[in-house]
$ cat run.csv   # CSV, C-alpha atoms
chain,number,residue,atom,x,y,z
Q,1500,MET,CA,90.4,89.6,70.7
Q,1501,THR,CA,90.6,88.9,67.0
Q,1502,GLU,CA,92.9,91.8,66.1
Q,1503,HIS,CA,95.3,90.9,63.3
Q,1504,ASP,CA,98.3,92.5,65.1
Q,1505,PRO,CA,97.4,93.5,68.6
Q,1506,GLU,CA,101.0,94.2,69.5
Q,1507,LEU,CA,101.3,97.1,67.0
Q,1508,LEU,CA,97.8,98.4,67.1
Q,1509,ASN,CA,96.8,98.3,70.8
Q,1510,VAL,CA,100.0,99.2,72.7
Q,1511,ALA,CA,99.9,102.5,74.5
Q,1512,PRO,CA,103.1,104.5,74.7
Q,1513,GLY,CA,103.8,103.4,78.2
Q,1514,GLU,CA,102.9,99.7,77.9
Q,1515,PRO,CA,105.8,97.3,77.7
Q,1516,HIS,CA,106.7,96.5,74.1
Q,1517,ASP,CA,108.3,93.3,72.9
Q,1518,ASN,CA,109.5,95.0,69.8
Q,1519,MET,CA,112.7,97.0,70.3
Q,1520,PHE,CA,111.9,99.4,67.4
Q,1521,SER,CA,108.5,100.4,68.7
Q,1522,GLU,CA,109.9,100.8,72.2
Q,1523,THR,CA,112.6,103.1,71.0
Q,1524,LEU,CA,110.1,105.0,68.9
Q,1525,SER,CA,108.0,105.8,71.9
Q,1526,TYR,CA,111.1,107.3,73.7
Q,1527,VAL,CA,111.9,109.3,70.5
Q,1528,ILE,CA,108.3,110.6,70.3
Q,1529,GLY,CA,108.4,111.6,73.9
Q,1530,MET,CA,111.8,113.3,73.4
Q,1531,GLY,CA,110.5,115.2,70.4
Q,1532,LEU,CA,107.4,116.4,72.2
Q,1533,ALA,CA,109.4,117.5,75.2
Q,1534,LEU,CA,111.9,119.4,73.0
Q,1535,LEU,CA,109.0,121.0,71.1
Q,1536,LEU,CA,107.3,122.1,74.4
Q,1537,THR,CA,110.6,123.4,75.8
Q,1538,ALA,CA,111.3,125.4,72.6
Q,1539,ILE,CA,107.8,126.9,72.7
Q,1540,SER,CA,108.3,127.8,76.4
Q,1541,PHE,CA,111.6,129.7,75.7
Q,1542,TRP,CA,110.0,131.4,72.6
Q,1543,VAL,CA,106.9,132.4,74.5
Q,1544,ALA,CA,109.0,133.9,77.3
Q,1545,SER,CA,111.2,136.0,74.9
Q,1546,THR,CA,108.7,137.2,72.3
Q,1547,SER,CA,106.9,140.4,72.5
Q,1548,THR,CA,104.1,139.5,70.1
Q,1549,LEU,CA,102.0,137.9,72.8
Q,1550,TRP,CA,99.8,139.6,75.4
Q,1551,GLY,CA,102.2,140.2,78.3
Q,1552,PRO,CA,100.0,139.4,81.3
Q,1553,GLY,CA,99.0,136.0,79.8
Q,1554,VAL,CA,102.5,134.8,79.2
Q,1555,ALA,CA,103.1,133.5,82.8
Q,1556,VAL,CA,99.9,131.4,82.7
Q,1557,GLY,CA,100.8,130.1,79.3
Q,1558,LEU,CA,104.2,129.0,80.5
Q,1559,VAL,CA,102.7,127.1,83.5
Q,1560,VAL,CA,100.3,125.3,81.1
Q,1561,LEU,CA,103.3,124.4,78.8
Q,1562,ALA,CA,105.2,123.1,81.8
Q,1563,ILE,CA,102.3,120.9,83.0
Q,1564,ALA,CA,101.9,119.6,79.4
Q,1565,GLN,CA,105.6,118.7,79.3
Q,1566,MET,CA,105.3,116.9,82.7
Q,1567,GLY,CA,102.4,114.9,81.2
Q,1568,VAL,CA,104.7,113.9,78.3
Q,1569,HIS,CA,107.4,112.8,80.7
Q,1570,LEU,CA,105.0,110.7,82.7
Q,1571,VAL,CA,103.6,108.9,79.7
Q,1572,PHE,CA,106.6,108.4,77.4
Q,1573,PHE,CA,109.4,108.1,80.0
Q,1574,LEU,CA,107.8,106.9,83.2
Q,1575,HIS,CA,105.3,104.7,81.4
Q,1576,ILE,CA,102.2,105.7,83.4
Q,1577,THR,CA,99.2,104.2,81.6
Q,1578,SER,CA,95.6,103.6,82.2
Q,1579,GLY,CA,96.1,99.9,82.0
Q,1580,PRO,CA,94.8,97.6,84.8
Q,1581,ASP,CA,98.3,96.8,86.1
Q,1582,ASN,CA,99.0,100.5,86.5
Q,1583,THR,CA,95.9,101.4,88.7
Q,1584,ASN,CA,97.9,101.6,91.9
Q,1585,ASN,CA,100.5,103.9,90.3
Q,1586,VAL,CA,97.9,106.2,88.9
Q,1587,LEU,CA,96.0,106.4,92.2
Q,1588,ALA,CA,99.2,107.2,94.0
Q,1589,LEU,CA,100.1,109.8,91.4
Q,1590,ALA,CA,96.6,111.4,91.8
Q,1591,PHE,CA,97.1,111.6,95.5
Q,1592,GLY,CA,100.5,113.1,95.1
Q,1593,VAL,CA,99.2,115.7,92.6
Q,1594,LEU,CA,96.4,116.6,95.1
Q,1595,ILE,CA,98.9,117.2,98.0
Q,1596,VAL,CA,101.3,119.2,95.7
Q,1597,PHE,CA,98.3,121.3,94.5
Q,1598,LEU,CA,97.1,121.9,98.1
Q,1599,VAL,CA,100.6,122.9,99.4
Q,1600,MET,CA,101.4,125.2,96.5
Q,1601,VAL,CA,98.1,126.9,95.9
Q,1602,GLY,CA,97.3,127.1,99.6
Q,1603,THR,CA,100.6,128.6,100.5
Q,1604,ILE,CA,100.6,131.2,97.7
Q,1605,TRP,CA,97.0,132.1,98.3
Q,1606,ILE,CA,97.4,132.6,102.1
Q,1607,MET,CA,100.8,134.4,101.8
Q,1608,ALA,CA,99.5,136.8,99.2
Q,1609,HIS,CA,96.6,137.7,101.3
Q,1610,MET,CA,98.8,138.2,104.4
Q,1611,ASN,CA,101.0,140.5,102.3
Q,1612,ALA,CA,98.0,142.5,101.2
Q,1613,ASN,CA,96.0,142.6,104.4
Q,1614,MET,CA,98.8,142.9,107.0
Q,1615,GLY,CA,100.7,145.9,105.8
Q,1616,PRO,CA,103.7,147.0,107.8
Q,1617,THR,CA,103.2,149.1,110.9
Q,1618,PRO,CA,105.2,152.3,111.1
Q,1619,GLU,CA,107.7,150.6,113.4
Q,1620,MET,CA,108.2,147.9,110.8
Q,1621,MET,CA,108.7,150.4,108.1
Q,1622,ASN,CA,111.6,151.8,110.0
Q,1623,LEU,CA,113.3,148.4,110.1
Q,1624,GLN,CA,112.9,147.9,106.4
Q,1625,MET,CA,111.6,144.4,106.9
Q,1626,GLN,CA,111.0,143.5,103.3
Q,1627,HIS,CA,111.7,144.8,99.8
G,1220,MET,CA,105.7,82.0,89.6
G,1221,THR,CA,102.2,82.6,88.3
G,1222,THR,CA,99.5,80.8,89.9
G,1223,VAL,CA,96.6,82.3,88.0
G,1224,SER,CA,94.6,79.2,87.5
G,1225,GLU,CA,94.9,78.3,91.2
G,1226,ALA,CA,93.8,81.8,92.5
G,1227,PRO,CA,90.5,81.4,94.4
G,1228,ALA,CA,87.6,83.5,93.3
G,1229,VAL,CA,87.1,86.0,96.1
G,1230,GLY,CA,85.8,89.6,96.3
G,1231,LEU,CA,86.6,91.7,93.3
G,1232,THR,CA,88.0,88.9,91.3
G,1233,HIS,CA,88.2,89.1,87.5
G,1234,GLN,CA,88.6,85.3,87.1
G,1235,GLY,CA,92.2,85.8,86.2
G,1236,SER,CA,91.3,87.7,83.0
G,1237,GLU,CA,93.3,90.8,84.0
G,1238,ASP,CA,95.4,91.9,87.0
G,1239,THR,CA,93.6,94.7,88.7
G,1240,GLY,CA,96.4,95.1,91.3
G,1241,LEU,CA,93.8,94.4,94.0
G,1242,GLY,CA,95.5,91.3,95.1
G,1243,HIS,CA,93.0,88.7,93.9
G,1244,ARG,CA,95.9,86.7,92.5
G,1245,GLY,CA,97.7,86.6,95.8
G,1246,PRO,CA,100.7,88.8,96.8
G,1247,ALA,CA,102.1,90.8,93.8
G,1248,SER,CA,105.5,89.8,92.6
G,1249,LYS,CA,108.6,91.8,93.5
G,1250,SER,CA,108.8,93.3,90.0
G,1251,ILE,CA,105.5,95.1,90.8
G,1252,VAL,CA,106.0,95.8,94.5
G,1253,VAL,CA,109.5,97.3,94.3
G,1254,PRO,CA,108.7,99.9,91.5
G,1255,TYR,CA,105.5,100.8,93.3
G,1256,GLY,CA,107.3,101.4,96.6
G,1257,PHE,CA,109.9,103.5,94.8
G,1258,TRP,CA,107.1,105.4,93.0
G,1259,LEU,CA,105.7,106.3,96.4
G,1260,PHE,CA,109.1,107.7,97.5
G,1261,ILE,CA,109.3,109.7,94.3
G,1262,LEU,CA,105.8,111.2,94.9
G,1263,SER,CA,106.8,112.1,98.5
G,1264,ASP,CA,109.9,113.8,97.0
G,1265,MET,CA,107.6,115.8,94.7
G,1266,VAL,CA,105.6,116.9,97.8
G,1267,LEU,CA,108.9,118.0,99.4
G,1268,PHE,CA,109.7,120.1,96.3
G,1269,SER,CA,106.2,121.6,96.3
G,1270,ALA,CA,106.9,123.1,99.7
G,1271,LEU,CA,110.2,124.6,98.4
G,1272,PHE,CA,108.3,126.0,95.3
G,1273,ALA,CA,105.7,127.5,97.6
G,1274,THR,CA,108.4,129.0,99.8
G,1275,TYR,CA,110.2,130.5,96.7
G,1276,ALA,CA,106.9,131.9,95.3
G,1277,SER,CA,106.2,133.6,98.6
G,1278,LEU,CA,109.7,135.1,99.0
G,1279,VAL,CA,110.6,135.9,95.4
G,1280,HIS,CA,109.9,139.7,95.9
G,1281,ALA,CA,111.5,139.9,99.3
G,1282,THR,CA,114.9,141.0,97.9
G,1283,ASP,CA,115.8,143.4,100.7
G,1284,GLY,CA,117.2,146.0,98.2
G,1285,GLY,CA,119.5,143.3,96.7
G,1286,PRO,CA,119.6,141.8,93.2
G,1287,ILE,CA,116.2,140.8,91.6
G,1288,THR,CA,115.5,137.8,89.3
G,1289,ASN,CA,115.8,139.8,86.1
G,1290,GLN,CA,119.4,140.8,87.0
G,1291,LEU,CA,120.6,137.4,88.0
G,1292,PHE,CA,119.5,134.7,85.5
G,1293,ASP,CA,121.0,133.9,82.1
G,1294,ARG,CA,118.4,132.2,79.8
G,1295,LYS,CA,121.1,130.8,77.4
G,1296,LEU,CA,122.8,128.9,80.2
G,1297,VAL,CA,119.4,127.6,81.4
G,1298,ALA,CA,118.5,126.5,77.9
G,1299,ILE,CA,121.7,124.4,77.7
G,1300,GLU,CA,121.1,123.0,81.2
G,1301,THR,CA,117.6,122.0,80.2
G,1302,LEU,CA,118.8,120.4,76.9
G,1303,ALA,CA,121.5,118.4,78.8
G,1304,LEU,CA,119.1,117.1,81.4
G,1305,LEU,CA,116.4,116.2,78.8
G,1306,LEU,CA,118.9,114.4,76.6
G,1307,SER,CA,120.2,112.6,79.7
G,1308,SER,CA,116.7,111.4,80.6
G,1309,PHE,CA,116.2,110.2,77.0
G,1310,VAL,CA,119.5,108.3,76.9
G,1311,CYS,CA,118.7,106.7,80.3
G,1312,GLY,CA,115.6,105.3,78.6
G,1313,LEU,CA,117.7,103.9,75.8
G,1314,ALA,CA,119.9,102.3,78.4
G,1315,MET,CA,116.8,100.6,79.9
G,1316,ILE,CA,115.8,99.3,76.5
G,1317,THR,CA,119.2,97.7,75.9
G,1318,ALA,CA,119.5,96.4,79.5
G,1319,LYS,CA,116.2,94.5,78.9
G,1320,ARG,CA,118.0,92.8,76.0
G,1321,ARG,CA,121.0,92.1,78.2
G,1322,ASN,CA,123.4,93.9,75.9
G,1323,MET,CA,126.3,94.9,78.2
G,1324,LEU,CA,128.2,97.1,75.8
G,1325,TRP,CA,125.3,99.3,74.7
G,1326,THR,CA,123.8,99.5,78.2
G,1327,GLN,CA,127.1,100.7,79.7
G,1328,GLY,CA,127.6,103.1,76.9
G,1329,TRP,CA,124.2,104.7,77.2
G,1330,LEU,CA,124.5,104.8,81.0
G,1331,LEU,CA,127.9,106.5,80.6
G,1332,LEU,CA,126.4,109.1,78.3
G,1333,THR,CA,123.6,109.6,80.8
G,1334,GLY,CA,126.1,110.4,83.4
G,1335,LEU,CA,128.2,112.7,81.2
G,1336,LEU,CA,125.1,114.7,80.3
G,1337,GLY,CA,124.1,114.9,83.9
G,1338,LEU,CA,127.6,116.1,84.7
G,1339,VAL,CA,127.3,118.9,82.0
G,1340,PHE,CA,124.1,120.0,83.8
G,1341,LEU,CA,125.7,120.0,87.2
G,1342,SER,CA,128.8,121.8,86.0
G,1343,ILE,CA,126.7,124.6,84.5
G,1344,GLU,CA,124.6,124.9,87.7
G,1345,LEU,CA,127.7,125.0,89.9
G,1346,PHE,CA,129.2,127.6,87.6
G,1347,GLU,CA,126.1,129.7,87.9
G,1348,PHE,CA,126.0,129.4,91.7
G,1349,GLY,CA,129.7,130.3,91.9
G,1350,LYS,CA,129.2,133.4,89.7
G,1351,MET,CA,126.2,134.6,91.8
G,1352,ILE,CA,128.0,134.1,95.1
G,1353,GLY,CA,131.0,135.9,93.7
G,1354,GLU,CA,128.8,138.9,92.8
G,1355,GLY,CA,127.6,139.1,96.4
G,1356,ALA,CA,124.3,137.4,95.5
G,1357,GLY,CA,124.8,134.4,97.8
G,1358,PRO,CA,122.1,132.7,99.9
G,1359,GLN,CA,122.6,135.1,102.9
G,1360,ARG,CA,121.9,138.2,100.8
G,1361,SER,CA,118.1,138.2,100.9
G,1362,ALA,CA,115.1,135.9,101.7
G,1363,PHE,CA,114.6,135.6,97.9
G,1364,LEU,CA,118.1,134.3,97.4
G,1365,SER,CA,117.9,131.9,100.4
G,1366,SER,CA,114.8,130.3,98.9
G,1367,PHE,CA,116.4,130.3,95.4
G,1368,PHE,CA,119.5,128.4,96.6
G,1369,THR,CA,117.4,126.0,98.7
G,1370,LEU,CA,115.1,125.1,95.8
G,1371,VAL,CA,117.6,124.9,93.0
G,1372,GLY,CA,120.3,123.6,95.3
G,1373,CYS,CA,118.0,120.8,96.5
G,1374,HIS,CA,117.5,119.7,92.9
G,1375,GLY,CA,121.2,119.9,92.3
G,1376,ALA,CA,121.8,117.7,95.3
G,1377,HIS,CA,119.4,115.2,93.9
G,1378,VAL,CA,121.3,115.2,90.6
G,1379,THR,CA,124.5,114.7,92.4
G,1380,ALA,CA,123.1,111.7,94.3
G,1381,GLY,CA,121.7,110.4,91.0
G,1382,LEU,CA,125.2,110.5,89.5
G,1383,LEU,CA,126.7,108.6,92.4
G,1384,TRP,CA,123.8,106.0,92.1
G,1385,LEU,CA,124.5,105.8,88.4
G,1386,GLY,CA,128.1,105.0,89.0
G,1387,THR,CA,127.3,102.2,91.5
G,1388,MET,CA,124.7,100.8,89.0
G,1389,MET,CA,127.2,100.6,86.2
G,1390,ALA,CA,129.6,98.8,88.5
G,1391,GLN,CA,126.9,96.4,89.7
G,1392,ILE,CA,125.8,95.6,86.1
G,1393,TRP,CA,129.4,95.1,85.2
G,1394,THR,CA,130.3,92.7,88.0
G,1395,LYS,CA,127.0,90.9,88.7
G,1396,GLY,CA,125.4,91.0,85.2
G,1397,PHE,CA,121.7,91.5,84.4
G,1398,ARG,CA,120.3,89.7,87.5
G,1399,GLN,CA,116.7,90.1,88.5
G,1400,ASP,CA,117.5,92.2,91.5
G,1401,ILE,CA,120.0,94.3,89.6
G,1402,MET,CA,117.4,95.0,87.0
G,1403,ARG,CA,114.9,96.1,89.7
G,1404,ARG,CA,117.5,98.6,91.0
G,1405,LEU,CA,118.2,99.9,87.5
G,1406,LEU,CA,114.5,100.4,87.0
G,1407,CYS,CA,114.3,102.4,90.2
G,1408,TYR,CA,117.3,104.4,89.1
G,1409,SER,CA,115.6,105.3,85.8
G,1410,VAL,CA,112.4,106.4,87.5
G,1411,PHE,CA,114.5,108.6,89.8
G,1412,TRP,CA,116.4,110.2,86.9
G,1413,HIS,CA,113.2,110.8,84.9
G,1414,ALA,CA,111.5,112.4,88.0
G,1415,LEU,CA,114.4,114.8,88.4
G,1416,ASP,CA,113.8,116.0,84.8
G,1417,ILE,CA,110.1,116.6,85.7
G,1418,ILE,CA,111.1,118.7,88.7
G,1419,TRP,CA,113.6,120.6,86.5
G,1420,VAL,CA,110.7,121.5,84.0
G,1421,ALA,CA,108.9,123.2,86.9
G,1422,ILE,CA,112.2,125.0,88.0
G,1423,PHE,CA,113.1,126.3,84.6
G,1424,THR,CA,109.5,127.5,84.0
G,1425,ILE,CA,108.8,129.1,87.4
G,1426,VAL,CA,112.2,130.3,88.5
G,1427,TYR,CA,114.1,131.1,85.3
G,1428,LEU,CA,111.5,131.9,82.6
G,1429,ILE,CA,108.7,133.5,84.6
G,1430,GLY,CA,111.5,135.2,86.7
G,1431,THR,CA,113.0,136.9,83.7
G,1432,LEU,CA,109.9,138.1,81.9
G,1433,PRO,CA,110.1,141.7,80.9

$ encode --input "run.csv" --output "structure tokens"
Amino acid sequence: MTEHDPELLNVAPGEPHDNMFSETLSYVIGMGLALLLTAISFWVASTSTLWGPGVAVGLVVLAIAQMGVHLVFFLHITSGPDNTNNVLALAFGVLIVFLVMVGTIWIMAHMNANMGPTPEMMNLQMQH
Amino acid sequence: MTTVSEAPAVGLTHQGSEDTGLGHRGPASKSIVVPYGFWLFILSDMVLFSALFATYASLVHATDGGPITNQLFDRKLVAIETLALLLSSFVCGLAMITAKRRNMLWTQGWLLLTGLLGLVFLSIELFEFGKMIGEGAGPQRSAFLSSFFTLVGCHGAHVTAGLLWLGTMMAQIWTKGFRQDIMRRLLCYSVFWHALDIIWVAIFTIVYLIGTLP
């Protein structure tokens, strides 16, 4: 630990800063990144220069990236030792969210595809 | 109250060199336990929202001959909503920075701005809901609209609760000052407010942007 200025060199965005300027700067960087990602999302959704079928996947990727920016710069999730518990809880939360969403969408899409309406149901106009 | 030097060397101890959160220094302080507990609540809230997202994704095409996503949503309004909530989250962070320095005027000012931006977001959302219901696209119209109002309305209810919480926090800071317990409450509030913005990112992407693709 013989760094000249460990405070300025070694502090991750989420770590507590003593310096008000660097603390504010990390929020400004986070804000800038979030704005940039939001702007790209809205542009991607409205442009016609991109390959249509890929746009939805790209939007989801942009959203996940922005969530990462929020977690690091606003919620101060870091890889530091005092954050281990928070990171592990987050990992478990992400696992459950992933299981619930992907599992539901997967199963419901299959049920829609494999259990087509019977003639009686067609008459009742159940869906669509 | 740090008793690092007195902590006995047991199990996975690091000889006090760093706090691993494994309890080798004895019970963690309130300033660690309280945010951790609140973080667990936030994650459980995310799980709740994931169920609503899954419901929405399953029912988005079940329109029963009623209006579909492309006819209902206005991207310009959503862009303003997104901007208001993002700025609100940013300003809330600035309030935390000034609160740490115990600056009453700036803290109250930033918190007020946080609330006003949140109010802008909520007003636009309620305007949009009112317009949709007025056009006969209320939650009882189709399974798609039921799931839409449940998902987006649940987020709106969280924002409303957040605004009420913000008001009580401003009052508590004003009357009781920057006490330790008040600061812990304020930290929990800022975590809640940032988390709402994270959920909104998912909503504007999945519901509004993907829903209005050509």

$ closest_residue --input "run.csv" --among "Q:Phe1520, Q:Val1596, Q:Thr1546, Q:His1609" --to "chain G" --atoms "only C-alpha atoms"
Q:Val1596

$ closest_residue --input "run.csv" --among "Q:Val1559, Q:Val1571, Q:Ala1612, Q:Gly1553" --to "chain G" --atoms "only C-alpha atoms"
Q:Val1559

$ atom_distance --input "run.csv" --atom1 "CA of Leu1335 (chain G)" --atom2 "CA of Leu1415 (chain G)"
15.7 Å

$ closest_residue --input "run.csv" --among "Q:Gly1557, Q:Ile1606, Q:Asp1581, Q:Ser1521" --to "Ser1248 (chain G)" --atoms "all atoms listed in the file"
Q:Asp1581

$ closest_atom_pairs --input "run.csv" --of "chain Q" --to "chain G" --cutoff "6 Å" --atoms "all atoms listed in the file" --output "tab-separated table"
residue	atom	partner	partner_atom	distance
Q:Ala1555	CA	G:Ile1429	CA	5.9
Q:Met1566	CA	G:Ile1417	CA	5.7
Q:Pro1580	CA	G:Thr1239	CA	5.0
Q:Asp1581	CA	G:Asp1238	CA	5.8
Q:Gly1592	CA	G:Leu1262	CA	5.6
Q:Val1596	CA	G:Val1266	CA	5.3
Q:Met1600	CA	G:Ala1273	CA	5.0
Q:Thr1603	CA	G:Ala1273	CA	6.0
Q:Gln1626	CA	G:Ala1281	CA	5.4
Q:His1627	CA	G:Asp1283	CA	4.4
